[in-house]
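What follows is work38.cif (mmCIF, N, CA and C atoms).
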data_work
loop_
_atom_site.label_atom_id
_atom_site.label_comp_id
_atom_site.auth_asym_id
_atom_site.auth_seq_id
_atom_site.Cartn_x
_atom_site.Cartn_y
_atom_site.Cartn_z
N ILE A 1 160.39 97.53 114.00
CA ILE A 1 158.98 97.75 114.28
C ILE A 1 158.72 97.28 115.70
N SER A 2 157.94 98.03 116.43
CA SER A 2 157.62 97.67 117.81
C SER A 2 156.16 97.30 117.93
N TYR A 3 155.89 96.14 118.51
CA TYR A 3 154.53 95.69 118.74
C TYR A 3 154.35 95.44 120.21
N SER A 4 153.16 95.77 120.71
CA SER A 4 152.92 95.50 122.12
C SER A 4 151.60 94.77 122.28
N PRO A 5 151.58 93.70 123.06
CA PRO A 5 150.33 93.00 123.29
C PRO A 5 149.37 93.87 124.08
N THR A 6 148.07 93.68 123.84
CA THR A 6 147.08 94.47 124.56
C THR A 6 146.47 93.70 125.72
N SER A 7 146.86 92.44 125.89
CA SER A 7 146.48 91.64 127.06
C SER A 7 147.51 90.52 127.21
N SER A 8 147.37 89.74 128.25
CA SER A 8 148.34 88.66 128.44
C SER A 8 148.19 87.62 127.35
N ASP A 9 149.27 86.89 127.08
CA ASP A 9 149.24 85.85 126.06
C ASP A 9 148.37 84.68 126.48
N ILE A 10 148.10 84.54 127.75
CA ILE A 10 147.31 83.42 128.26
C ILE A 10 145.83 83.62 127.94
N GLU A 11 145.35 84.84 128.08
CA GLU A 11 143.94 85.13 127.86
C GLU A 11 143.66 85.35 126.38
N GLU A 12 142.54 84.85 125.91
CA GLU A 12 142.10 85.05 124.54
C GLU A 12 141.38 86.39 124.46
N GLU A 13 141.81 87.23 123.53
CA GLU A 13 141.18 88.54 123.38
C GLU A 13 139.91 88.41 122.55
N ILE A 14 138.84 88.97 123.06
CA ILE A 14 137.58 89.02 122.32
C ILE A 14 137.13 90.47 122.35
N PRO A 15 137.05 91.18 121.28
CA PRO A 15 137.52 90.78 119.95
C PRO A 15 139.05 90.86 119.85
N PRO A 16 139.61 90.16 118.85
CA PRO A 16 141.06 90.16 118.68
C PRO A 16 141.59 91.56 118.37
N THR A 17 142.65 91.96 119.06
CA THR A 17 143.25 93.28 118.84
C THR A 17 144.77 93.17 118.81
N PHE A 18 145.39 94.18 118.22
CA PHE A 18 146.84 94.35 118.33
C PHE A 18 147.17 95.82 118.19
N GLU A 19 148.29 96.20 118.78
CA GLU A 19 148.76 97.58 118.72
C GLU A 19 150.12 97.65 118.05
N VAL A 20 150.35 98.73 117.32
CA VAL A 20 151.61 98.96 116.65
C VAL A 20 152.12 100.34 117.06
N ILE A 21 153.37 100.41 117.50
CA ILE A 21 154.02 101.70 117.71
C ILE A 21 154.65 102.06 116.37
N MET A 22 154.18 103.13 115.77
CA MET A 22 154.60 103.48 114.42
C MET A 22 156.06 103.89 114.37
N THR A 23 156.77 103.30 113.41
CA THR A 23 158.17 103.61 113.16
C THR A 23 158.29 104.16 111.75
N ASP A 24 159.47 104.58 111.37
CA ASP A 24 159.68 105.12 110.03
C ASP A 24 159.27 104.13 108.95
N SER A 25 159.59 102.86 109.13
CA SER A 25 159.27 101.87 108.09
C SER A 25 157.76 101.69 107.96
N CYS A 26 157.01 101.81 109.04
CA CYS A 26 155.55 101.71 108.97
C CYS A 26 154.96 102.90 108.21
N ILE A 27 155.57 104.05 108.37
CA ILE A 27 155.05 105.28 107.80
C ILE A 27 155.46 105.45 106.34
N ASP A 28 156.67 105.05 106.00
CA ASP A 28 157.22 105.32 104.68
C ASP A 28 156.85 104.29 103.61
N TYR A 29 156.33 103.13 104.00
CA TYR A 29 156.07 102.06 103.04
C TYR A 29 154.67 101.50 103.21
N ASP A 30 154.16 100.88 102.14
CA ASP A 30 152.90 100.14 102.22
C ASP A 30 153.19 98.76 102.77
N ASP A 31 153.51 98.68 104.06
CA ASP A 31 153.91 97.41 104.64
C ASP A 31 153.80 97.50 106.15
N LEU A 32 152.83 96.79 106.72
CA LEU A 32 152.65 96.80 108.18
C LEU A 32 152.34 95.38 108.63
N TYR A 33 153.24 94.82 109.43
CA TYR A 33 153.16 93.44 109.90
C TYR A 33 151.92 93.23 110.77
N ILE A 34 151.22 92.12 110.54
CA ILE A 34 150.09 91.70 111.37
C ILE A 34 150.62 90.58 112.28
N PRO A 35 150.53 90.74 113.60
CA PRO A 35 151.08 89.72 114.51
C PRO A 35 150.44 88.35 114.32
N ARG A 36 151.22 87.31 114.56
CA ARG A 36 150.76 85.92 114.39
C ARG A 36 149.50 85.59 115.21
N LYS A 37 149.35 86.21 116.37
CA LYS A 37 148.19 85.90 117.21
C LYS A 37 146.87 86.26 116.52
N ILE A 38 146.92 87.09 115.49
CA ILE A 38 145.72 87.49 114.75
C ILE A 38 145.46 86.54 113.58
N TYR A 39 146.48 85.83 113.10
CA TYR A 39 146.35 84.96 111.93
C TYR A 39 145.17 84.00 112.02
N LYS A 40 144.99 83.38 113.19
CA LYS A 40 143.95 82.35 113.31
C LYS A 40 142.55 82.92 113.11
N HIS A 41 142.41 84.23 113.17
CA HIS A 41 141.12 84.88 112.97
C HIS A 41 140.91 85.33 111.53
N LEU A 42 141.95 85.21 110.70
CA LEU A 42 141.88 85.67 109.31
C LEU A 42 141.79 84.48 108.36
N PRO A 43 140.82 84.47 107.47
CA PRO A 43 140.76 83.40 106.47
C PRO A 43 142.05 83.38 105.65
N LEU A 44 142.55 82.18 105.36
CA LEU A 44 143.84 82.03 104.69
C LEU A 44 143.92 82.72 103.34
N THR A 45 142.82 82.80 102.62
CA THR A 45 142.86 83.33 101.26
C THR A 45 142.41 84.78 101.14
N PHE A 46 142.00 85.40 102.24
CA PHE A 46 141.53 86.78 102.15
C PHE A 46 142.70 87.73 101.93
N GLU A 47 142.52 88.63 100.97
CA GLU A 47 143.58 89.57 100.61
C GLU A 47 143.16 91.02 100.81
N THR A 48 141.99 91.27 101.41
CA THR A 48 141.51 92.64 101.57
C THR A 48 141.04 92.89 102.99
N ALA A 49 141.44 94.04 103.53
CA ALA A 49 140.97 94.49 104.84
C ALA A 49 140.30 95.84 104.65
N LEU A 50 139.32 96.11 105.49
CA LEU A 50 138.66 97.41 105.51
C LEU A 50 138.96 98.03 106.87
N LEU A 51 139.63 99.19 106.85
CA LEU A 51 139.97 99.89 108.09
C LEU A 51 138.98 101.02 108.32
N HIS A 52 138.39 101.07 109.52
CA HIS A 52 137.44 102.12 109.89
C HIS A 52 138.09 103.04 110.91
N TYR A 53 138.07 104.35 110.61
CA TYR A 53 138.63 105.32 111.56
C TYR A 53 137.96 106.67 111.33
N ARG A 54 137.44 107.25 112.42
CA ARG A 54 136.80 108.57 112.39
C ARG A 54 135.74 108.70 111.29
N GLY A 55 134.91 107.67 111.16
CA GLY A 55 133.80 107.70 110.23
C GLY A 55 134.16 107.49 108.77
N LYS A 56 135.42 107.18 108.49
CA LYS A 56 135.85 106.93 107.11
C LYS A 56 136.36 105.50 106.99
N GLU A 57 136.52 105.04 105.74
CA GLU A 57 136.98 103.68 105.47
C GLU A 57 138.12 103.69 104.46
N TRP A 58 139.06 102.75 104.65
CA TRP A 58 140.17 102.56 103.73
C TRP A 58 140.26 101.08 103.41
N PHE A 59 140.28 100.75 102.11
CA PHE A 59 140.55 99.38 101.69
C PHE A 59 142.05 99.19 101.60
N VAL A 60 142.54 98.12 102.23
CA VAL A 60 143.97 97.83 102.28
C VAL A 60 144.17 96.38 101.87
N SER A 61 145.12 96.14 100.98
CA SER A 61 145.40 94.74 100.61
C SER A 61 146.23 94.09 101.71
N MET A 62 146.06 92.79 101.84
CA MET A 62 146.81 92.00 102.82
C MET A 62 147.56 90.91 102.07
N SER A 63 148.76 90.61 102.54
CA SER A 63 149.48 89.47 101.98
C SER A 63 148.86 88.19 102.55
N VAL A 64 149.03 87.12 101.82
CA VAL A 64 148.56 85.81 102.30
C VAL A 64 149.79 84.95 102.55
N GLY A 65 149.60 83.85 103.22
CA GLY A 65 150.73 82.95 103.47
C GLY A 65 151.24 83.04 104.88
N ASP A 66 152.53 82.76 105.03
CA ASP A 66 153.15 82.60 106.34
C ASP A 66 153.38 83.92 107.08
N ARG A 67 153.53 85.02 106.38
CA ARG A 67 153.77 86.33 107.01
C ARG A 67 152.72 87.32 106.54
N ARG A 68 151.68 87.49 107.34
CA ARG A 68 150.57 88.38 106.97
C ARG A 68 150.97 89.82 107.22
N ARG A 69 150.61 90.69 106.28
CA ARG A 69 150.90 92.11 106.38
C ARG A 69 149.80 92.91 105.72
N PHE A 70 149.61 94.14 106.19
CA PHE A 70 148.83 95.11 105.44
C PHE A 70 149.77 95.67 104.37
N LYS A 71 149.32 95.74 103.15
CA LYS A 71 150.17 96.19 102.05
C LYS A 71 149.58 97.45 101.42
N GLU A 72 149.29 97.38 100.13
CA GLU A 72 148.83 98.54 99.37
C GLU A 72 147.61 99.18 100.03
N GLY A 73 147.68 100.48 100.24
CA GLY A 73 146.61 101.22 100.90
C GLY A 73 146.96 101.60 102.32
N CYS A 74 147.90 100.89 102.90
CA CYS A 74 148.31 101.17 104.28
C CYS A 74 148.92 102.56 104.41
N LYS A 75 149.79 102.91 103.48
CA LYS A 75 150.44 104.22 103.52
C LYS A 75 149.42 105.33 103.33
N LEU A 76 148.41 105.12 102.49
CA LEU A 76 147.36 106.13 102.29
C LEU A 76 146.62 106.38 103.60
N PHE A 77 146.31 105.31 104.35
CA PHE A 77 145.67 105.48 105.66
C PHE A 77 146.54 106.34 106.57
N VAL A 78 147.84 106.05 106.60
CA VAL A 78 148.79 106.78 107.44
C VAL A 78 148.82 108.26 107.04
N LEU A 79 148.93 108.53 105.74
CA LEU A 79 149.00 109.91 105.26
C LEU A 79 147.70 110.67 105.50
N ASP A 80 146.57 110.03 105.20
CA ASP A 80 145.26 110.69 105.36
C ASP A 80 144.99 111.09 106.81
N ASN A 81 145.56 110.33 107.75
CA ASN A 81 145.28 110.56 109.16
C ASN A 81 146.44 111.17 109.93
N TYR A 82 147.45 111.65 109.19
CA TYR A 82 148.59 112.34 109.80
C TYR A 82 149.24 111.52 110.91
N VAL A 83 149.30 110.21 110.70
CA VAL A 83 149.94 109.33 111.68
C VAL A 83 151.44 109.57 111.62
N LYS A 84 152.03 109.79 112.77
CA LYS A 84 153.45 110.11 112.87
C LYS A 84 154.20 109.01 113.62
N ARG A 85 155.49 109.07 113.51
CA ARG A 85 156.38 108.17 114.23
C ARG A 85 156.09 108.29 115.73
N GLY A 86 155.96 107.15 116.41
CA GLY A 86 155.69 107.13 117.84
C GLY A 86 154.22 107.01 118.19
N PHE A 87 153.32 107.25 117.24
CA PHE A 87 151.89 107.05 117.51
C PHE A 87 151.65 105.57 117.78
N VAL A 88 150.67 105.28 118.60
CA VAL A 88 150.23 103.91 118.83
C VAL A 88 148.93 103.72 118.05
N VAL A 89 148.93 102.74 117.17
CA VAL A 89 147.75 102.45 116.37
C VAL A 89 147.22 101.09 116.80
N LYS A 90 145.95 101.08 117.23
CA LYS A 90 145.31 99.85 117.71
C LYS A 90 144.32 99.36 116.66
N PHE A 91 144.44 98.09 116.29
CA PHE A 91 143.56 97.46 115.32
C PHE A 91 142.69 96.44 116.05
N THR A 92 141.37 96.54 115.88
CA THR A 92 140.44 95.59 116.48
C THR A 92 139.66 94.91 115.36
N LEU A 93 139.78 93.59 115.27
CA LEU A 93 139.04 92.82 114.27
C LEU A 93 137.59 92.75 114.69
N VAL A 94 136.69 93.30 113.86
CA VAL A 94 135.28 93.35 114.24
C VAL A 94 134.39 92.46 113.38
N ASP A 95 134.86 92.07 112.20
CA ASP A 95 134.01 91.24 111.34
C ASP A 95 134.85 90.57 110.26
N VAL A 96 134.40 89.40 109.85
CA VAL A 96 134.95 88.72 108.70
C VAL A 96 133.79 88.48 107.75
N SER A 97 133.74 89.26 106.67
CA SER A 97 132.64 89.12 105.71
C SER A 97 133.04 88.13 104.62
N SER A 98 132.22 88.01 103.61
CA SER A 98 132.54 87.08 102.53
C SER A 98 133.61 87.62 101.58
N LEU A 99 133.92 88.93 101.68
CA LEU A 99 134.88 89.53 100.76
C LEU A 99 136.11 90.13 101.43
N TYR A 100 136.03 90.48 102.70
CA TYR A 100 137.14 91.15 103.37
C TYR A 100 137.02 91.00 104.88
N VAL A 101 138.09 91.38 105.57
CA VAL A 101 138.06 91.44 107.04
C VAL A 101 137.97 92.90 107.44
N ASP A 102 137.29 93.13 108.55
CA ASP A 102 136.93 94.48 108.99
C ASP A 102 137.65 94.82 110.29
N PHE A 103 138.39 95.92 110.31
CA PHE A 103 139.09 96.36 111.51
C PHE A 103 138.64 97.77 111.89
N ASN A 104 138.33 97.98 113.17
CA ASN A 104 138.22 99.33 113.70
C ASN A 104 139.61 99.74 114.13
N VAL A 105 139.93 101.02 113.91
CA VAL A 105 141.27 101.51 114.21
C VAL A 105 141.18 102.68 115.18
N GLU A 106 142.08 102.70 116.15
CA GLU A 106 142.24 103.83 117.06
C GLU A 106 143.68 104.32 116.92
N VAL A 107 143.86 105.64 116.92
CA VAL A 107 145.19 106.23 116.83
C VAL A 107 145.41 107.08 118.07
N LYS A 108 146.51 106.80 118.78
CA LYS A 108 146.81 107.54 120.01
C LYS A 108 148.24 108.05 119.96
N GLY A 109 148.45 109.23 120.52
CA GLY A 109 149.81 109.72 120.69
C GLY A 109 150.08 111.04 120.05
N GLU A 110 151.21 111.58 120.43
CA GLU A 110 151.66 112.86 119.89
C GLU A 110 152.57 112.65 118.70
N GLY A 111 153.37 111.59 118.75
CA GLY A 111 154.29 111.30 117.65
C GLY A 111 155.37 112.35 117.50
N THR A 112 156.22 112.14 116.49
CA THR A 112 157.33 113.04 116.24
C THR A 112 157.76 112.93 114.79
N HIS A 113 158.35 113.96 114.28
CA HIS A 113 158.96 113.91 112.95
C HIS A 113 160.41 113.48 113.03
N ASP A 114 160.93 113.34 114.25
CA ASP A 114 162.32 112.98 114.49
C ASP A 114 162.64 111.62 113.86
N ARG A 115 163.72 111.53 113.12
CA ARG A 115 164.10 110.28 112.46
C ARG A 115 165.07 109.45 113.30
N ASN A 116 165.38 109.90 114.51
CA ASN A 116 166.28 109.12 115.37
C ASN A 116 165.55 107.92 115.93
N PRO A 117 166.25 106.84 116.28
CA PRO A 117 165.60 105.67 116.85
C PRO A 117 164.84 106.01 118.14
N LEU A 118 163.82 105.22 118.40
CA LEU A 118 163.01 105.42 119.61
C LEU A 118 163.84 105.28 120.86
#
Could I get this structure in the form of C-alpha coordinates?
Amino acid sequence: ISYSPTSSDIEEEIPPTFEVIMTDSCIDYDDLYIPRKIYKHLPLTFETALLHYRGKEWFVSMSVGDRRRFKEGCKLFVLDNYVKRGFVVKFTLVDVSSLYVDFNVEVKGEGTHDRNPL
(Lines of atoms letter the chains of each structure in order from A and count residues from 1; the text may use other names and numbers.)
(Lines give C-alpha, C1' and ligand atoms only; values in the text may rest on other atoms or scores of the structure.)
Protein backbone atom coordinates (compact mmCIF):
# COMPACT_ATOMS: atom_id res chain seq x y z
CA ILE A 1 0.00 0.00 0.00
CA SER A 2 1.33 3.43 -0.86
CA TYR A 3 0.60 6.47 1.28
CA SER A 4 1.72 10.00 0.62
CA PRO A 5 1.68 12.90 3.05
CA THR A 6 -0.29 15.94 1.94
CA SER A 7 1.99 18.40 3.79
CA SER A 8 5.26 18.34 5.66
CA ASP A 9 5.47 16.33 8.86
CA ILE A 10 6.49 19.48 10.74
CA GLU A 11 3.31 21.42 10.01
CA GLU A 12 0.01 20.41 11.61
CA GLU A 13 -2.69 19.90 9.01
CA ILE A 14 -5.97 21.66 9.68
CA PRO A 15 -8.18 19.88 8.90
CA PRO A 16 -6.36 16.54 9.17
CA THR A 17 -6.00 14.78 5.80
CA PHE A 18 -4.31 11.78 4.25
CA GLU A 19 -4.03 10.36 0.75
CA VAL A 20 -3.95 6.75 -0.39
CA ILE A 21 -2.73 5.51 -3.76
CA MET A 22 -5.10 2.62 -4.38
CA THR A 23 -3.53 -0.80 -4.81
CA ASP A 24 -5.07 -4.21 -5.43
CA SER A 25 -5.30 -4.94 -1.70
CA CYS A 26 -7.20 -1.68 -1.08
CA ILE A 27 -9.66 -2.50 -3.84
CA ASP A 28 -10.16 -6.23 -3.26
CA TYR A 29 -10.70 -6.22 0.53
CA ASP A 30 -12.61 -4.35 3.23
CA ASP A 31 -9.34 -3.10 4.69
CA LEU A 32 -7.73 0.32 4.29
CA TYR A 33 -5.00 1.51 6.67
CA ILE A 34 -5.46 4.88 8.40
CA PRO A 35 -2.05 6.57 8.92
CA ARG A 36 -0.87 7.10 12.50
CA LYS A 37 -0.81 10.90 12.09
CA ILE A 38 -4.64 10.76 11.99
CA TYR A 39 -5.00 8.61 15.15
CA LYS A 40 -4.74 11.53 17.56
CA HIS A 41 -7.84 13.05 15.96
CA LEU A 42 -9.93 9.87 16.33
CA PRO A 43 -11.59 8.92 19.62
CA LEU A 44 -10.10 5.64 20.85
CA THR A 45 -13.42 3.80 21.05
CA PHE A 46 -15.10 5.02 17.85
CA GLU A 47 -15.78 2.20 15.41
CA THR A 48 -17.76 4.03 12.69
CA ALA A 49 -16.79 6.51 9.99
CA LEU A 50 -19.07 8.32 7.56
CA LEU A 51 -17.53 8.93 4.13
CA HIS A 52 -18.97 11.76 2.00
CA TYR A 53 -18.38 11.76 -1.75
CA ARG A 54 -20.35 13.30 -4.64
CA GLY A 55 -23.39 14.01 -2.46
CA LYS A 56 -23.66 10.47 -1.12
CA GLU A 57 -22.67 8.85 2.19
CA TRP A 58 -21.17 5.48 3.15
CA PHE A 59 -20.96 4.11 6.69
CA VAL A 60 -17.68 2.26 7.19
CA SER A 61 -16.56 0.39 10.29
CA MET A 62 -13.16 1.21 11.75
CA SER A 63 -10.90 -1.01 13.79
CA VAL A 64 -9.89 0.23 17.23
CA GLY A 65 -6.58 -0.20 18.99
CA ASP A 66 -3.01 0.12 17.81
CA ARG A 67 -3.62 -0.23 14.04
CA ARG A 68 -6.61 1.80 12.85
CA ARG A 69 -8.21 0.78 9.56
CA PHE A 70 -11.37 1.29 7.57
CA LYS A 71 -13.01 -2.14 7.48
CA GLU A 72 -16.51 -3.29 6.53
CA GLY A 73 -18.09 -0.92 4.01
CA CYS A 74 -14.80 0.24 2.54
CA LYS A 75 -15.03 -2.12 -0.44
CA LEU A 76 -18.62 -0.98 -1.12
CA PHE A 77 -17.39 2.63 -1.33
CA VAL A 78 -14.68 1.53 -3.79
CA LEU A 79 -17.13 -0.46 -5.94
CA ASP A 80 -19.89 2.19 -5.92
CA ASN A 81 -17.44 4.85 -7.11
CA TYR A 82 -15.50 2.75 -9.65
CA VAL A 83 -12.24 3.42 -7.82
CA LYS A 84 -9.43 1.68 -9.68
CA ARG A 85 -5.84 0.75 -8.98
CA GLY A 86 -3.64 3.87 -9.13
CA PHE A 87 -6.38 6.33 -8.15
CA VAL A 88 -5.44 8.75 -5.38
CA VAL A 89 -8.09 8.94 -2.68
CA LYS A 90 -7.88 11.87 -0.26
CA PHE A 91 -9.62 11.69 3.12
CA THR A 92 -10.27 14.90 5.08
CA LEU A 93 -11.52 14.63 8.67
CA VAL A 94 -14.28 17.22 8.98
CA ASP A 95 -16.13 16.31 12.17
CA VAL A 96 -16.18 14.05 15.20
CA SER A 97 -19.77 13.56 16.34
CA SER A 98 -21.04 11.63 19.33
CA LEU A 99 -21.52 8.48 17.20
CA TYR A 100 -19.00 8.54 14.35
CA VAL A 101 -16.18 10.41 12.63
CA ASP A 102 -16.91 12.27 9.41
CA PHE A 103 -14.60 12.30 6.37
CA ASN A 104 -14.97 14.16 3.08
CA VAL A 105 -13.44 12.12 0.27
CA GLU A 106 -11.90 13.19 -3.04
CA VAL A 107 -10.99 10.69 -5.77
CA LYS A 108 -8.42 11.64 -8.40
CA GLY A 109 -6.82 9.76 -11.25
CA GLU A 110 -7.30 7.58 -14.24
CA GLY A 111 -6.33 4.30 -12.59
CA THR A 112 -5.84 0.99 -14.33
CA HIS A 113 -7.15 -2.55 -14.33
CA ASP A 114 -3.55 -3.77 -14.71
CA ARG A 115 -2.58 -6.17 -11.91
CA ASN A 116 1.17 -5.57 -12.31
CA PRO A 117 2.99 -3.70 -9.51
CA LEU A 118 3.07 0.08 -9.70
Any idea what's packed within 10 Å of Val78 (chain A), counting only C-alpha atoms, ignoring anything in its chain fewer than 2 positions away? Could you give it as a PDB file with N, CA and C atoms, in the coordinates of the input?
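Saved file part07.pdb follows:
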ATOM      1  N   MET A  22     154.180 103.130 115.770  1.00  0.00           N
ATOM      2  CA  MET A  22     154.600 103.480 114.420  1.00  0.00           C
ATOM      3  C   MET A  22     156.060 103.890 114.370  1.00  0.00           C
ATOM      4  N   CYS A  26     157.010 101.810 109.040  1.00  0.00           N
ATOM      5  CA  CYS A  26     155.550 101.710 108.970  1.00  0.00           C
ATOM      6  C   CYS A  26     154.960 102.900 108.210  1.00  0.00           C
ATOM      7  N   ILE A  27     155.570 104.050 108.370  1.00  0.00           N
ATOM      8  CA  ILE A  27     155.050 105.280 107.800  1.00  0.00           C
ATOM      9  C   ILE A  27     155.460 105.450 106.340  1.00  0.00           C
ATOM     10  N   ASP A  28     156.670 105.050 106.000  1.00  0.00           N
ATOM     11  CA  ASP A  28     157.220 105.320 104.680  1.00  0.00           C
ATOM     12  C   ASP A  28     156.850 104.290 103.610  1.00  0.00           C
ATOM     13  N   TYR A  29     156.330 103.130 104.000  1.00  0.00           N
ATOM     14  CA  TYR A  29     156.070 102.060 103.040  1.00  0.00           C
ATOM     15  C   TYR A  29     154.670 101.500 103.210  1.00  0.00           C
ATOM     16  N   ASP A  30     154.160 100.880 102.140  1.00  0.00           N
ATOM     17  CA  ASP A  30     152.900 100.140 102.220  1.00  0.00           C
ATOM     18  C   ASP A  30     153.190  98.760 102.770  1.00  0.00           C
ATOM     19  N   GLY A  73     147.680 100.480 100.240  1.00  0.00           N
ATOM     20  CA  GLY A  73     146.610 101.220 100.900  1.00  0.00           C
ATOM     21  C   GLY A  73     146.960 101.600 102.320  1.00  0.00           C
ATOM     22  N   CYS A  74     147.900 100.890 102.900  1.00  0.00           N
ATOM     23  CA  CYS A  74     148.310 101.170 104.280  1.00  0.00           C
ATOM     24  C   CYS A  74     148.920 102.560 104.410  1.00  0.00           C
ATOM     25  N   LYS A  75     149.790 102.910 103.480  1.00  0.00           N
ATOM     26  CA  LYS A  75     150.440 104.220 103.520  1.00  0.00           C
ATOM     27  C   LYS A  75     149.420 105.330 103.330  1.00  0.00           C
ATOM     28  N   LEU A  76     148.410 105.120 102.490  1.00  0.00           N
ATOM     29  CA  LEU A  76     147.360 106.130 102.290  1.00  0.00           C
ATOM     30  C   LEU A  76     146.620 106.380 103.600  1.00  0.00           C
ATOM     31  N   ASP A  80     146.570 110.030 105.200  1.00  0.00           N
ATOM     32  CA  ASP A  80     145.260 110.690 105.360  1.00  0.00           C
ATOM     33  C   ASP A  80     144.990 111.090 106.810  1.00  0.00           C
ATOM     34  N   ASN A  81     145.560 110.330 107.750  1.00  0.00           N
ATOM     35  CA  ASN A  81     145.280 110.560 109.160  1.00  0.00           C
ATOM     36  C   ASN A  81     146.440 111.170 109.930  1.00  0.00           C
ATOM     37  N   TYR A  82     147.450 111.650 109.190  1.00  0.00           N
ATOM     38  CA  TYR A  82     148.590 112.340 109.800  1.00  0.00           C
ATOM     39  C   TYR A  82     149.240 111.520 110.910  1.00  0.00           C
ATOM     40  N   VAL A  83     149.300 110.210 110.700  1.00  0.00           N
ATOM     41  CA  VAL A  83     149.940 109.330 111.680  1.00  0.00           C
ATOM     42  C   VAL A  83     151.440 109.570 111.620  1.00  0.00           C
ATOM     43  N   LYS A  84     152.030 109.790 112.770  1.00  0.00           N
ATOM     44  CA  LYS A  84     153.450 110.110 112.870  1.00  0.00           C
ATOM     45  C   LYS A  84     154.200 109.010 113.620  1.00  0.00           C
ATOM     46  N   VAL A  89     148.930 102.740 117.170  1.00  0.00           N
ATOM     47  CA  VAL A  89     147.750 102.450 116.370  1.00  0.00           C
ATOM     48  C   VAL A  89     147.220 101.090 116.800  1.00  0.00           C
TER      49      VAL A  89
END
*What does the distance from atom C of Leu42 (chain A) to atom C of Trp58 (chain A) come to in Å, to one decimal?*
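We find that atom C of Leu42 (chain A) and atom C of Trp58 (chain A) lie 17.4 Å from each other.
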*For the point (148.8, 87.4, 107.3) in file coordinates, what residues are within 6 Å, counting all atoms listed in the file? Give the answer as a ChimeraX atom specification?*
/A:39,63-69
Kindly export the residues of the current selection with N, CA and C atoms, as an mmCIF file, in the frame of the given file.
data_model
loop_
_atom_site.group_PDB
_atom_site.id
_atom_site.type_symbol
_atom_site.label_atom_id
_atom_site.label_comp_id
_atom_site.auth_asym_id
_atom_site.auth_seq_id
_atom_site.Cartn_x
_atom_site.Cartn_y
_atom_site.Cartn_z
ATOM 1 N N TYR A 39 146.480 85.830 113.100
ATOM 2 C CA TYR A 39 146.350 84.960 111.930
ATOM 3 C C TYR A 39 145.170 84.000 112.020
ATOM 4 N N SER A 63 148.760 90.610 102.540
ATOM 5 C CA SER A 63 149.480 89.470 101.980
ATOM 6 C C SER A 63 148.860 88.190 102.550
ATOM 7 N N VAL A 64 149.030 87.120 101.820
ATOM 8 C CA VAL A 64 148.560 85.810 102.300
ATOM 9 C C VAL A 64 149.790 84.950 102.550
ATOM 10 N N GLY A 65 149.600 83.850 103.220
ATOM 11 C CA GLY A 65 150.730 82.950 103.470
ATOM 12 C C GLY A 65 151.240 83.040 104.880
ATOM 13 N N ASP A 66 152.530 82.760 105.030
ATOM 14 C CA ASP A 66 153.150 82.600 106.340
ATOM 15 C C ASP A 66 153.380 83.920 107.080
ATOM 16 N N ARG A 67 153.530 85.020 106.380
ATOM 17 C CA ARG A 67 153.770 86.330 107.010
ATOM 18 C C ARG A 67 152.720 87.320 106.540
ATOM 19 N N ARG A 68 151.680 87.490 107.340
ATOM 20 C CA ARG A 68 150.570 88.380 106.970
ATOM 21 C C ARG A 68 150.970 89.820 107.220
ATOM 22 N N ARG A 69 150.610 90.690 106.280
ATOM 23 C CA ARG A 69 150.900 92.110 106.380
ATOM 24 C C ARG A 69 149.800 92.910 105.720
#
*Which of chain A fall in strand (DSSP E or B), as number ranges by chain*: A: 2-4, 17-21, 32-33, 48-53, 56-62, 69-70, 85, 88-96, 101-108, 112
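Residue selection for this entry, given the PyMOL selection byres ((chain A and resi 48) around 8), comprises A:Thr45, A:Phe46, A:Glu47, A:Ala49, A:Leu50, A:Leu51, A:Phe59, A:Val60, A:Ser61, A:Met62, A:Ser63, A:Leu99, A:Tyr100, A:Val101, A:Asp102.
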For region 100-104 of chain A, take all atoms listed in the file, fit an axis-aligned box around them, add 3 Å to each of the six sides, then output centre and edge lengths in Å rounded to one decimal, as lines of an AutoDock Vina configuration file.
center_x = 137.8
center_y = 95.1
center_z = 108.4
size_x = 9.6
size_y = 15.3
size_z = 17.4
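Across the structure, CA of Asp24 (chain A) and atom N of Asp95 (chain A) are spaced 28.1 Å apart.
Rounded to one decimal, CA of Phe91 (chain A) and CA of Glu19 (chain A) lie 6.2 Å from each other.
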*Of the candidates A:Val94, A:Ile34, A:Val88, A:Leu44, which one gets nearest to Glu106 (chain A) if we count all atoms listed in the file?*
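Counting all atoms listed in the file, the residue closest to Glu106 (chain A) is A:Val88.
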